[in-house]
$ cat entry-v9.cif   # mmCIF, C-alpha atoms (C1' of nucleotides)
data_run
#
loop_
_atom_site.label_atom_id
_atom_site.label_comp_id
_atom_site.auth_asym_id
_atom_site.auth_seq_id
_atom_site.Cartn_x
_atom_site.Cartn_y
_atom_site.Cartn_z
CA MET A 78 3.44 -0.27 -24.02
CA PHE A 79 4.36 -3.57 -22.36
CA SER A 80 4.82 -4.19 -18.64
CA LYS A 81 8.36 -4.75 -17.42
CA THR A 82 7.40 -8.37 -16.82
CA CYS A 83 6.35 -8.67 -20.44
CA GLU A 84 9.52 -7.04 -21.72
CA TYR A 85 11.58 -9.58 -19.78
CA ALA A 86 9.36 -12.39 -21.02
CA ILE A 87 9.82 -11.50 -24.67
CA ARG A 88 13.55 -11.02 -24.30
CA ALA A 89 13.88 -14.33 -22.46
CA MET A 90 11.83 -16.23 -25.01
CA ILE A 91 13.86 -14.86 -27.90
CA PHE A 92 17.03 -15.76 -25.99
CA ILE A 93 15.81 -19.29 -25.33
CA ALA A 94 14.79 -19.65 -28.97
CA GLN A 95 18.29 -18.82 -30.02
CA LYS A 96 19.95 -21.09 -27.47
CA SER A 97 17.67 -24.05 -27.95
CA GLN A 98 18.55 -24.55 -31.57
CA GLY A 99 19.69 -28.12 -32.12
CA GLY A 100 17.91 -29.45 -29.05
CA ASN A 101 20.00 -27.61 -26.46
CA LYS A 102 18.68 -26.38 -23.12
CA VAL A 103 19.58 -23.23 -21.29
CA GLY A 104 19.66 -22.64 -17.55
CA ILE A 105 17.98 -19.82 -15.71
CA LYS A 106 21.27 -18.22 -14.68
CA GLU A 107 22.44 -18.02 -18.26
CA ILE A 108 19.10 -16.60 -19.33
CA ALA A 109 19.18 -13.94 -16.63
CA ARG A 110 22.71 -12.96 -17.62
CA GLY A 111 21.85 -13.12 -21.30
CA ILE A 112 18.98 -10.66 -21.08
CA ASP A 113 20.17 -8.66 -18.06
CA SER A 114 17.23 -9.43 -15.78
CA PRO A 115 16.76 -10.43 -12.13
CA GLU A 116 17.23 -14.18 -12.01
CA HIS A 117 14.37 -15.20 -9.74
CA PHE A 118 12.00 -12.79 -11.35
CA ILE A 119 12.47 -14.11 -14.85
CA ALA A 120 12.34 -17.64 -13.43
CA LYS A 121 8.84 -17.04 -12.13
CA ILE A 122 7.74 -15.57 -15.43
CA LEU A 123 9.09 -18.52 -17.37
CA GLN A 124 7.39 -20.95 -15.02
CA ASP A 125 4.15 -19.24 -15.89
CA LEU A 126 4.80 -19.45 -19.60
CA GLY A 127 5.76 -23.09 -19.12
CA ARG A 128 2.47 -23.90 -17.42
CA ARG A 129 0.72 -22.24 -20.33
CA GLY A 130 2.61 -24.45 -22.75
CA LEU A 131 4.71 -21.78 -24.44
CA LEU A 132 8.00 -23.39 -23.53
CA GLN A 133 9.42 -26.61 -22.09
CA SER A 134 11.71 -27.24 -19.16
CA MET A 135 13.58 -30.05 -17.45
CA LYS A 136 14.88 -30.25 -13.90
CA GLY A 137 18.12 -31.80 -12.78
CA PRO A 138 21.64 -31.85 -14.18
CA ASN A 139 21.73 -30.76 -17.79
CA GLY A 140 18.22 -29.51 -17.36
CA GLY A 141 16.98 -26.10 -18.36
CA PHE A 142 14.50 -24.31 -20.56
CA TYR A 143 13.99 -24.97 -24.23
CA LEU A 144 11.54 -24.60 -27.07
CA ASP A 145 10.27 -27.41 -29.22
CA ALA A 146 9.51 -26.99 -32.92
CA GLN A 147 6.04 -25.69 -32.09
CA GLY A 148 7.46 -23.28 -29.53
CA MET A 149 9.64 -21.74 -32.21
CA GLN A 150 6.43 -20.80 -34.00
CA CYS A 151 5.13 -18.97 -30.94
CA SER A 152 4.50 -15.31 -31.73
CA LEU A 153 5.24 -12.28 -29.59
CA ALA A 154 1.49 -11.70 -29.49
CA ASP A 155 1.05 -15.05 -27.74
CA ILE A 156 3.48 -13.96 -25.03
CA VAL A 157 1.94 -10.53 -24.62
CA LYS A 158 -1.54 -12.03 -24.30
CA ILE A 159 -0.47 -14.34 -21.51
CA VAL A 160 1.64 -11.85 -19.60
CA ASP A 161 -0.23 -8.57 -20.05
CA GLY A 162 -3.62 -9.87 -21.14
CA GLU A 163 -5.79 -8.79 -24.02
CA LYS A 164 -6.08 -5.15 -23.03
CA LEU A 165 -3.50 -3.92 -25.51
CA PHE A 166 -5.32 -5.65 -28.36
CA THR A 167 -8.91 -4.97 -27.45
CA GLY A 168 -9.09 -2.34 -24.69
CA CYS A 169 -10.21 1.26 -25.04
CA GLY A 170 -7.41 3.80 -25.33
CA LEU A 171 -9.03 6.00 -22.71
CA GLY A 172 -9.84 3.11 -20.35
CA LEU A 173 -13.59 3.08 -20.91
CA LYS A 174 -15.11 -0.33 -20.30
CA GLN A 175 -18.16 0.25 -22.42
CA CYS A 176 -16.36 1.81 -25.36
CA SER A 177 -17.46 0.10 -28.56
CA GLU A 178 -18.43 0.69 -32.15
CA THR A 179 -21.87 1.91 -31.13
CA GLN A 180 -20.69 3.82 -28.05
CA PRO A 181 -17.21 4.97 -28.99
CA CYS A 182 -14.80 7.16 -27.06
CA PRO A 183 -13.50 10.21 -28.93
CA ILE A 184 -10.42 8.40 -30.22
CA HIS A 185 -12.01 5.00 -30.73
CA HIS A 186 -11.57 4.66 -34.46
CA GLU A 187 -8.03 5.99 -34.72
CA PHE A 188 -6.99 3.94 -31.72
CA LYS A 189 -8.54 0.81 -33.07
CA ALA A 190 -6.55 1.11 -36.27
CA MET A 191 -3.35 1.44 -34.27
CA ARG A 192 -4.15 -1.52 -32.04
CA LYS A 193 -4.74 -3.63 -35.11
CA GLY A 194 -1.38 -2.58 -36.46
CA ILE A 195 0.35 -3.50 -33.24
CA GLN A 196 -1.43 -6.81 -33.01
CA SER A 197 -0.68 -7.92 -36.55
CA MET A 198 2.93 -6.87 -36.16
CA LEU A 199 3.24 -8.98 -33.00
CA GLU A 200 1.39 -11.90 -34.49
CA LYS A 201 3.70 -12.00 -37.46
CA ALA A 202 6.79 -11.97 -35.26
CA LYS A 203 7.66 -15.61 -34.48
CA LEU A 204 10.35 -16.54 -31.97
CA GLY A 205 12.23 -18.65 -34.48
CA GLU A 206 12.84 -15.70 -36.75
CA PHE A 207 15.11 -13.71 -34.50
CA THR A 208 17.91 -16.22 -34.16
CA GLU A 209 19.92 -15.45 -37.22
CA GLU A 210 20.37 -11.74 -36.62
CA LEU A 211 21.18 -12.33 -32.96
CA GLU A 212 23.81 -14.84 -33.98
CA LYS A 213 25.43 -12.27 -36.23
CA SER A 214 25.25 -9.62 -33.50
CA LEU A 215 23.04 -7.49 -35.66
CA THR A 216 20.54 -7.30 -32.79
CA PHE A 217 20.83 -7.39 -28.99
CA LEU A 218 18.87 -8.46 -25.92
CA LYS A 219 20.77 -6.67 -23.15
CA ARG A 220 21.08 -3.19 -21.68
CA MET B 161 -0.75 1.84 -23.56
CA PHE B 162 -1.39 4.84 -21.30
CA SER B 163 -1.30 4.89 -17.50
CA LYS B 164 -4.63 5.24 -15.70
CA THR B 165 -3.55 8.73 -14.71
CA CYS B 166 -3.02 9.58 -18.36
CA GLU B 167 -6.37 8.14 -19.41
CA TYR B 168 -8.10 10.34 -16.84
CA ALA B 169 -6.02 13.31 -17.94
CA ILE B 170 -7.01 12.97 -21.58
CA ARG B 171 -10.67 12.43 -20.77
CA ALA B 172 -10.68 15.42 -18.43
CA MET B 173 -8.99 17.68 -20.94
CA ILE B 174 -11.44 16.73 -23.67
CA PHE B 175 -14.29 17.33 -21.23
CA ILE B 176 -12.94 20.72 -20.24
CA ALA B 177 -12.44 21.64 -23.89
CA GLN B 178 -16.07 20.93 -24.54
CA LYS B 179 -17.31 22.79 -21.48
CA SER B 180 -15.08 25.80 -21.83
CA GLN B 181 -16.47 26.82 -25.17
CA GLY B 182 -17.63 30.42 -25.03
CA GLY B 183 -15.40 31.29 -22.08
CA ASN B 184 -17.13 29.08 -19.54
CA LYS B 185 -15.37 27.38 -16.64
CA VAL B 186 -16.07 23.99 -15.18
CA GLY B 187 -15.63 22.87 -11.56
CA ILE B 188 -13.71 19.84 -10.43
CA LYS B 189 -16.85 18.07 -9.20
CA GLU B 190 -18.51 18.37 -12.57
CA ILE B 191 -15.37 17.16 -14.29
CA ALA B 192 -15.09 14.12 -12.02
CA ARG B 193 -18.73 13.26 -12.64
CA GLY B 194 -18.42 13.97 -16.34
CA ILE B 195 -15.58 11.55 -16.90
CA ASP B 196 -16.35 9.11 -14.07
CA SER B 197 -13.12 9.55 -12.13
CA PRO B 198 -12.12 10.02 -8.46
CA GLU B 199 -12.53 13.70 -7.72
CA HIS B 200 -9.36 14.36 -5.74
CA PHE B 201 -7.27 12.25 -8.02
CA ILE B 202 -8.21 14.08 -11.19
CA ALA B 203 -7.83 17.36 -9.30
CA LYS B 204 -4.20 16.57 -8.62
CA ILE B 205 -3.59 15.63 -12.23
CA LEU B 206 -5.16 18.85 -13.49
CA GLN B 207 -3.12 20.92 -11.08
CA ASP B 208 -0.06 19.38 -12.65
CA LEU B 209 -1.24 20.14 -16.15
CA GLY B 210 -2.08 23.66 -15.01
CA ARG B 211 1.44 24.25 -13.71
CA ARG B 212 2.75 23.03 -17.05
CA GLY B 213 0.55 25.57 -18.83
CA LEU B 214 -1.80 23.15 -20.58
CA LEU B 215 -4.90 24.58 -18.97
CA GLN B 216 -6.06 27.53 -16.89
CA SER B 217 -7.92 27.72 -13.61
CA MET B 218 -9.51 30.24 -11.29
CA LYS B 219 -10.29 29.92 -7.61
CA GLY B 220 -13.31 31.25 -5.83
CA PRO B 221 -17.00 31.46 -6.69
CA ASN B 222 -17.62 30.89 -10.38
CA GLY B 223 -14.09 29.63 -10.62
CA GLY B 224 -13.04 26.41 -12.26
CA PHE B 225 -10.90 24.99 -15.02
CA TYR B 226 -10.92 26.20 -18.58
CA LEU B 227 -8.92 26.27 -21.78
CA ASP B 228 -7.90 29.38 -23.64
CA ALA B 229 -7.67 29.51 -27.43
CA GLN B 230 -4.15 28.13 -27.30
CA GLY B 231 -5.21 25.36 -24.94
CA MET B 232 -7.77 24.22 -27.48
CA GLN B 233 -4.87 23.57 -29.84
CA CYS B 234 -3.16 21.33 -27.29
CA SER B 235 -2.71 17.83 -28.70
CA LEU B 236 -3.18 14.52 -26.95
CA ALA B 237 0.54 13.94 -27.48
CA ASP B 238 1.26 17.00 -25.33
CA ILE B 239 -0.77 15.51 -22.50
CA VAL B 240 0.78 12.07 -22.82
CA LYS B 241 4.28 13.53 -22.77
CA ILE B 242 3.65 15.39 -19.55
CA VAL B 243 1.80 12.63 -17.75
CA ASP B 244 3.55 9.47 -18.95
CA GLY B 245 6.75 10.94 -20.30
CA GLU B 246 8.48 10.33 -23.60
CA LYS B 247 8.87 6.58 -23.21
CA LEU B 248 5.94 5.71 -25.46
CA PHE B 249 7.35 7.87 -28.24
CA THR B 250 11.03 7.13 -27.98
CA GLY B 251 11.56 4.11 -25.70
CA CYS B 252 12.59 0.62 -26.74
CA GLY B 253 9.75 -1.88 -27.02
CA LEU B 254 11.72 -4.41 -25.00
CA GLY B 255 12.86 -1.91 -22.38
CA LEU B 256 16.51 -1.73 -23.44
CA LYS B 257 18.14 1.57 -22.57
CA GLN B 258 20.85 1.31 -25.17
CA CYS B 259 18.63 0.20 -28.02
CA SER B 260 19.28 2.39 -31.06
CA GLU B 261 19.71 2.32 -34.79
CA THR B 262 23.25 1.04 -34.45
CA GLN B 263 22.52 -1.33 -31.56
CA PRO B 264 18.92 -2.37 -32.16
CA CYS B 265 16.79 -4.86 -30.25
CA PRO B 266 15.21 -7.61 -32.35
CA ILE B 267 12.00 -5.67 -32.91
CA HIS B 268 13.53 -2.22 -33.12
CA HIS B 269 12.55 -1.32 -36.67
CA GLU B 270 9.01 -2.65 -36.61
CA PHE B 271 8.43 -1.07 -33.22
CA LYS B 272 9.79 2.25 -34.30
CA ALA B 273 7.35 2.39 -37.19
CA MET B 274 4.48 1.74 -34.81
CA ARG B 275 5.61 4.32 -32.30
CA LYS B 276 5.79 6.88 -35.08
CA GLY B 277 2.25 6.02 -36.07
CA ILE B 278 1.02 6.43 -32.53
CA GLN B 279 2.85 9.68 -32.08
CA SER B 280 1.62 11.30 -35.26
CA MET B 281 -1.91 10.18 -34.52
CA LEU B 282 -1.74 11.76 -31.06
CA GLU B 283 -0.08 14.90 -32.35
CA LYS B 284 -2.80 15.42 -34.90
CA ALA B 285 -5.55 15.04 -32.31
CA LYS B 286 -6.25 18.52 -30.89
CA LEU B 287 -8.52 19.04 -27.92
CA GLY B 288 -10.72 21.48 -29.79
CA GLU B 289 -11.68 18.88 -32.36
CA PHE B 290 -13.62 16.55 -30.12
CA THR B 291 -16.32 18.97 -29.03
CA GLU B 292 -18.74 18.63 -31.86
CA GLU B 293 -19.16 14.88 -31.76
CA LEU B 294 -19.43 14.91 -27.97
CA GLU B 295 -22.14 17.52 -28.24
CA LYS B 296 -24.11 15.30 -30.59
CA SER B 297 -23.57 12.28 -28.33
CA LEU B 298 -21.71 10.51 -31.07
CA THR B 299 -18.84 9.92 -28.65
CA PHE B 300 -18.57 9.44 -24.87
CA LEU B 301 -16.19 10.07 -21.98
CA LYS B 302 -17.70 7.87 -19.27
CA ARG B 303 -17.83 4.20 -18.33
"C1'" DC C 15 20.98 -45.13 -3.38
"C1'" DA C 16 23.37 -40.76 -2.35
"C1'" DA C 17 24.94 -36.54 -3.97
"C1'" DA C 18 24.61 -32.93 -6.98
"C1'" DT C 19 22.11 -30.03 -10.05
"C1'" DA C 20 18.49 -27.43 -11.70
"C1'" DA C 21 13.65 -25.90 -12.00
"C1'" DA C 22 9.20 -25.05 -9.06
"C1'" DA C 23 6.97 -22.97 -5.49
"C1'" DG C 24 6.04 -19.88 -1.90
"C1'" DA C 25 6.91 -16.21 1.33
"C1'" DC C 26 8.41 -11.83 1.81
"C1'" DA C 27 10.09 -6.87 0.71
"C1'" DA C 28 10.55 -2.60 -1.86
"C1'" DA C 29 8.95 0.63 -5.11
"C1'" DA C 30 5.57 2.68 -8.00
"C1'" DA C 31 0.89 3.67 -9.18
"C1'" DG C 32 -3.49 4.76 -7.84
"C1'" DG C 33 -6.56 6.88 -4.64
"C1'" DT C 34 -8.37 9.58 -0.27
"C1'" DA C 35 -8.68 13.16 3.23
"C1'" DT C 36 -7.35 17.40 5.34
"C1'" DT C 37 -5.79 21.90 5.38
"C1'" DA C 38 -4.30 26.22 2.99
"C1'" DA C 39 -4.73 29.81 -0.35
"C1'" DT C 40 -7.38 32.85 -3.31
"C1'" DA C 41 -11.19 34.98 -5.66
"C1'" DT C 42 -16.05 36.70 -5.48
"C1'" DC C 43 -20.06 38.76 -3.64
"C1'" DC C 44 -22.74 40.96 -0.30
"C1'" DG D 239 -14.09 43.31 5.25
"C1'" DG D 240 -16.20 38.86 6.24
"C1'" DA D 241 -18.49 34.75 4.53
"C1'" DT D 242 -18.40 31.54 1.00
"C1'" DA D 243 -16.96 28.97 -2.93
"C1'" DT D 244 -13.51 26.95 -5.27
"C1'" DT D 245 -8.79 25.46 -6.60
"C1'" DA D 246 -3.89 24.30 -4.51
"C1'" DA D 247 -1.08 21.87 -1.64
"C1'" DT D 248 0.16 18.38 1.52
"C1'" DA D 249 0.11 14.21 3.82
"C1'" DC D 250 -1.31 9.80 3.97
"C1'" DC D 251 -3.20 5.20 2.68
"C1'" DT D 252 -3.99 1.02 -0.53
"C1'" DT D 253 -3.08 -1.83 -4.33
"C1'" DT D 254 -0.27 -3.45 -7.93
"C1'" DT D 255 4.07 -4.24 -9.85
"C1'" DT D 256 8.64 -5.46 -9.45
"C1'" DG D 257 12.22 -7.81 -7.17
"C1'" DT D 258 14.53 -11.05 -3.49
"C1'" DC D 259 15.21 -15.03 -0.63
"C1'" DT D 260 14.39 -19.65 0.99
"C1'" DT D 261 12.62 -24.14 0.64
"C1'" DT D 262 10.85 -27.99 -2.07
"C1'" DT D 263 10.67 -31.16 -5.89
"C1'" DA D 264 12.42 -33.59 -9.78
"C1'" DT D 265 16.24 -35.46 -12.54
"C1'" DT D 266 20.78 -37.20 -13.48
"C1'" DT D 267 25.05 -39.38 -12.51
"C1'" DG D 268 28.52 -41.81 -10.03
#
$ encode --input "entry-v9.cif" --output "structure tokens"
Amino acid sequence: MFSKTCEYAIRAMIFIAQKSQGGNKVGIKEIARGIDSPEHFIAKILQDLGRRGLLQSMKGPNGGFYLDAQGMQCSLADIVKIVDGEKLFTGCGLGLKQCSETQPCPIHHEFKAMRKGIQSMLEKAKLGEFTEELEKSLTFLKR
Amino acid sequence: MFSKTCEYAIRAMIFIAQKSQGGNKVGIKEIARGIDSPEHFIAKILQDLGRRGLLQSMKGPNGGFYLDAQGMQCSLADIVKIVDGEKLFTGCGLGLKQCSETQPCPIHHEFKAMRKGIQSMLEKAKLGEFTEELEKSLTFLKR
DNA sequence: CAAATAAAAGACAAAAAGGTATTAATATCC
DNA sequence: GGATATTAATACCTTTTTGTCTTTTATTTG
């Protein structure tokens, strides 16, 4: 469904959302440990997301990554779009470039309904919403 | 969603289903042209599917690939399972190996519902069902 | 200002996916 | 049975994805 890169990205963003409550920042090492990902790899991904404005960062002592109030409202769909592109939301299930309403592939209509479902699910899911259950260890980001 | 390999596989199988009505066979060149795919690449994929019993083939003059009555009942889910594996149907959306009901990732429940939807959609879609609309040029397998 | 800390950037490496070309095996037809 | 047509198998190449390592830049603190 998602690329490995995107899986890491989502996990990292949820982790950062949790940790950056109350204005805290979290370092890349802690993030990598917290989501069980290669440190430099997730660093590069987060730098990308930072450039695109999805999260903030600060260098130097006591620096790290964090989300501002707006960042907490970022949806999983926003992350997926940046990391994996629009294909999941708009592409043809059978990989046909010209597939459309007027020139549909054999599974166009069924697939479209599914895509819509996925998209709306991911759009509804905001980073800020996952914190509470993580805190209570009702959900997990590792392994 | 699906790998390129899997997209080709599905398109090829639908194409073969259409062409093998009435006991006909269809050659690899015609298949490659018919679904706009690299000839040798789709050949390898079909050989795989053949070994797994999803389609039949014959060598020699007037040989080619074809589906028997049972093959026509093959679902898209069967193809996806063989080509891309079970991950799409059972894997964690965030790539966590230990994600489960008792140790769920933050999107486990929503994702599970989606996966189920995808799976049942693909299980319902049988190769034999696509022929008619293809015949009428209401659907397409190229471009 | 110097030292320490942490992200940013870039170069490189390994693995997986996607694709090509060549040769072997098998069935048909004369 | 030999020529031909067609799939099967094998080996190889290219591109993309995933992952690692090193160096640079920015920030803080003593």
$ interface_residues --input "entry-v9.cif" --of "chain A" --to "chain C" --cutoff "6 Å" --atoms "only C-alpha atoms (C1' of nucleotides)" --output "list in words"
Lys136, Gly137 and Pro138 of chain A
$ residues_around --input "entry-v9.cif" --residues "Gly172 in chain A" --least-positions-apart "6" --cutoff "12 Å" --atoms "all atoms listed in the file" --output "ChimeraX atom specification"
/A:164-165,181-185,188 /B:161-171,195-197,300-303
$ atom_distance --input "entry-v9.cif" --atom1 "CA of Ala273 in chain B" --atom2 "CA of Glu261 in chain B"
12.6 Å
$ residues_near_point --input "entry-v9.cif" --point "(-13.1, 18.2, -13.8)" --cutoff "8 Å" --atoms "all atoms listed in the file" --output "PyMOL selection string"
chain B and resi 172+175-176+186-195+199+202-203+206+225
$ atom_distance --input "entry-v9.cif" --atom1 "CA of Leu282 in chain B" --atom2 "CA of Leu294 in chain B"
18.2 Å
$ atom_distance --input "entry-v9.cif" --atom1 "C1' of DC250 in chain D" --atom2 "CA of Ile205 in chain B"
17.4 Å
$ decode --input "entry-v9.cif" --residues "range 231-263 of chain B" --atoms "N, CA and C atoms" --output "PDB file, in the first residue's frame"
ATOM      1  N   GLY B 231     -10.172 -21.859 -14.721  1.00  0.00           N
ATOM      2  CA  GLY B 231      -9.368 -20.643 -14.784  1.00  0.00           C
ATOM      3  C   GLY B 231     -10.217 -19.392 -14.921  1.00  0.00           C
ATOM      4  N   MET B 232     -11.325 -19.537 -15.618  1.00  0.00           N
ATOM      5  CA  MET B 232     -12.231 -18.393 -15.789  1.00  0.00           C
ATOM      6  C   MET B 232     -12.811 -17.939 -14.450  1.00  0.00           C
ATOM      7  N   GLN B 233     -12.839 -18.859 -13.496  1.00  0.00           N
ATOM      8  CA  GLN B 233     -13.377 -18.546 -12.174  1.00  0.00           C
ATOM      9  C   GLN B 233     -12.312 -17.971 -11.235  1.00  0.00           C
ATOM     10  N   CYS B 234     -11.067 -17.923 -11.731  1.00  0.00           N
ATOM     11  CA  CYS B 234      -9.982 -17.359 -10.940  1.00  0.00           C
ATOM     12  C   CYS B 234     -10.286 -15.898 -10.618  1.00  0.00           C
ATOM     13  N   SER B 235     -10.056 -15.492  -9.392  1.00  0.00           N
ATOM     14  CA  SER B 235     -10.346 -14.106  -9.008  1.00  0.00           C
ATOM     15  C   SER B 235      -9.078 -13.256  -9.066  1.00  0.00           C
ATOM     16  N   LEU B 236      -9.265 -11.959  -9.121  1.00  0.00           N
ATOM     17  CA  LEU B 236      -8.115 -11.061  -9.094  1.00  0.00           C
ATOM     18  C   LEU B 236      -7.330 -11.235  -7.798  1.00  0.00           C
ATOM     19  N   ALA B 237      -8.028 -11.551  -6.724  1.00  0.00           N
ATOM     20  CA  ALA B 237      -7.339 -11.779  -5.447  1.00  0.00           C
ATOM     21  C   ALA B 237      -6.352 -12.937  -5.561  1.00  0.00           C
ATOM     22  N   ASP B 238      -6.733 -13.988  -6.293  1.00  0.00           N
ATOM     23  CA  ASP B 238      -5.830 -15.124  -6.481  1.00  0.00           C
ATOM     24  C   ASP B 238      -4.533 -14.675  -7.147  1.00  0.00           C
ATOM     25  N   ILE B 239      -4.665 -13.821  -8.154  1.00  0.00           N
ATOM     26  CA  ILE B 239      -3.496 -13.342  -8.876  1.00  0.00           C
ATOM     27  C   ILE B 239      -2.624 -12.471  -7.964  1.00  0.00           C
ATOM     28  N   VAL B 240      -3.261 -11.553  -7.275  1.00  0.00           N
ATOM     29  CA  VAL B 240      -2.524 -10.658  -6.386  1.00  0.00           C
ATOM     30  C   VAL B 240      -1.756 -11.444  -5.322  1.00  0.00           C
ATOM     31  N   LYS B 241      -2.416 -12.452  -4.764  1.00  0.00           N
ATOM     32  CA  LYS B 241      -1.752 -13.250  -3.728  1.00  0.00           C
ATOM     33  C   LYS B 241      -0.484 -13.895  -4.251  1.00  0.00           C
ATOM     34  N   ILE B 242      -0.558 -14.439  -5.458  1.00  0.00           N
ATOM     35  CA  ILE B 242       0.605 -15.127  -6.007  1.00  0.00           C
ATOM     36  C   ILE B 242       1.699 -14.145  -6.388  1.00  0.00           C
ATOM     37  N   VAL B 243       1.332 -13.022  -6.981  1.00  0.00           N
ATOM     38  CA  VAL B 243       2.343 -12.113  -7.488  1.00  0.00           C
ATOM     39  C   VAL B 243       2.907 -11.213  -6.386  1.00  0.00           C
ATOM     40  N   ASP B 244       2.029 -10.610  -5.601  1.00  0.00           N
ATOM     41  CA  ASP B 244       2.491  -9.660  -4.588  1.00  0.00           C
ATOM     42  C   ASP B 244       2.480 -10.228  -3.176  1.00  0.00           C
ATOM     43  N   GLY B 245       1.935 -11.408  -3.025  1.00  0.00           N
ATOM     44  CA  GLY B 245       1.883 -11.997  -1.692  1.00  0.00           C
ATOM     45  C   GLY B 245       0.689 -11.510  -0.886  1.00  0.00           C
ATOM     46  N   GLU B 246       0.663 -11.921   0.361  1.00  0.00           N
ATOM     47  CA  GLU B 246      -0.500 -11.671   1.219  1.00  0.00           C
ATOM     48  C   GLU B 246      -0.462 -10.300   1.886  1.00  0.00           C
ATOM     49  N   LYS B 247       0.654  -9.596   1.745  1.00  0.00           N
ATOM     50  CA  LYS B 247       0.841  -8.372   2.517  1.00  0.00           C
ATOM     51  C   LYS B 247      -0.348  -7.414   2.415  1.00  0.00           C
ATOM     52  N   LEU B 248      -0.839  -7.222   1.194  1.00  0.00           N
ATOM     53  CA  LEU B 248      -1.938  -6.274   0.995  1.00  0.00           C
ATOM     54  C   LEU B 248      -3.179  -6.672   1.789  1.00  0.00           C
ATOM     55  N   PHE B 249      -3.361  -7.974   1.964  1.00  0.00           N
ATOM     56  CA  PHE B 249      -4.572  -8.459   2.622  1.00  0.00           C
ATOM     57  C   PHE B 249      -4.434  -8.619   4.131  1.00  0.00           C
ATOM     58  N   THR B 250      -3.211  -8.807   4.576  1.00  0.00           N
ATOM     59  CA  THR B 250      -3.032  -9.097   6.002  1.00  0.00           C
ATOM     60  C   THR B 250      -2.005  -8.207   6.698  1.00  0.00           C
ATOM     61  N   GLY B 251      -1.170  -7.498   5.918  1.00  0.00           N
ATOM     62  CA  GLY B 251      -0.077  -6.741   6.521  1.00  0.00           C
ATOM     63  C   GLY B 251      -0.532  -5.475   7.231  1.00  0.00           C
ATOM     64  N   CYS B 252       0.329  -4.993   8.120  1.00  0.00           N
ATOM     65  CA  CYS B 252       0.080  -3.741   8.831  1.00  0.00           C
ATOM     66  C   CYS B 252       0.294  -2.555   7.897  1.00  0.00           C
ATOM     67  N   GLY B 253      -0.578  -1.577   7.988  1.00  0.00           N
ATOM     68  CA  GLY B 253      -0.472  -0.391   7.145  1.00  0.00           C
ATOM     69  C   GLY B 253       0.808   0.383   7.381  1.00  0.00           C
ATOM     70  N   LEU B 254       1.348   0.313   8.564  1.00  0.00           N
ATOM     71  CA  LEU B 254       2.573   1.042   8.888  1.00  0.00           C
ATOM     72  C   LEU B 254       3.801   0.140   8.880  1.00  0.00           C
ATOM     73  N   GLY B 255       3.633  -1.095   8.383  1.00  0.00           N
ATOM     74  CA  GLY B 255       4.773  -1.984   8.217  1.00  0.00           C
ATOM     75  C   GLY B 255       5.255  -2.660   9.484  1.00  0.00           C
ATOM     76  N   LEU B 256       4.444  -2.678  10.521  1.00  0.00           N
ATOM     77  CA  LEU B 256       4.864  -3.316  11.777  1.00  0.00           C
ATOM     78  C   LEU B 256       4.565  -4.802  11.745  1.00  0.00           C
ATOM     79  N   LYS B 257       5.580  -5.598  12.025  1.00  0.00           N
ATOM     80  CA  LYS B 257       5.414  -7.055  11.936  1.00  0.00           C
ATOM     81  C   LYS B 257       4.528  -7.576  13.051  1.00  0.00           C
ATOM     82  N   GLN B 258       4.634  -6.948  14.210  1.00  0.00           N
ATOM     83  CA  GLN B 258       3.896  -7.482  15.357  1.00  0.00           C
ATOM     84  C   GLN B 258       2.542  -6.820  15.567  1.00  0.00           C
ATOM     85  N   CYS B 259       2.133  -5.998  14.631  1.00  0.00           N
ATOM     86  CA  CYS B 259       0.836  -5.338  14.755  1.00  0.00           C
ATOM     87  C   CYS B 259      -0.284  -6.382  14.736  1.00  0.00           C
ATOM     88  N   SER B 260      -1.189  -6.272  15.666  1.00  0.00           N
ATOM     89  CA  SER B 260      -2.275  -7.253  15.800  1.00  0.00           C
ATOM     90  C   SER B 260      -3.403  -6.638  16.600  1.00  0.00           C
ATOM     91  N   GLU B 261      -4.450  -7.412  16.786  1.00  0.00           N
ATOM     92  CA  GLU B 261      -5.579  -6.922  17.566  1.00  0.00           C
ATOM     93  C   GLU B 261      -5.158  -6.504  18.970  1.00  0.00           C
ATOM     94  N   THR B 262      -4.267  -7.298  19.553  1.00  0.00           N
ATOM     95  CA  THR B 262      -3.891  -7.011  20.940  1.00  0.00           C
ATOM     96  C   THR B 262      -2.748  -6.006  21.047  1.00  0.00           C
ATOM     97  N   GLN B 263      -2.026  -5.826  19.931  1.00  0.00           N
ATOM     98  CA  GLN B 263      -0.899  -4.889  19.932  1.00  0.00           C
ATOM     99  C   GLN B 263      -0.984  -4.044  18.657  1.00  0.00           C
TER     100      GLN B 263
END
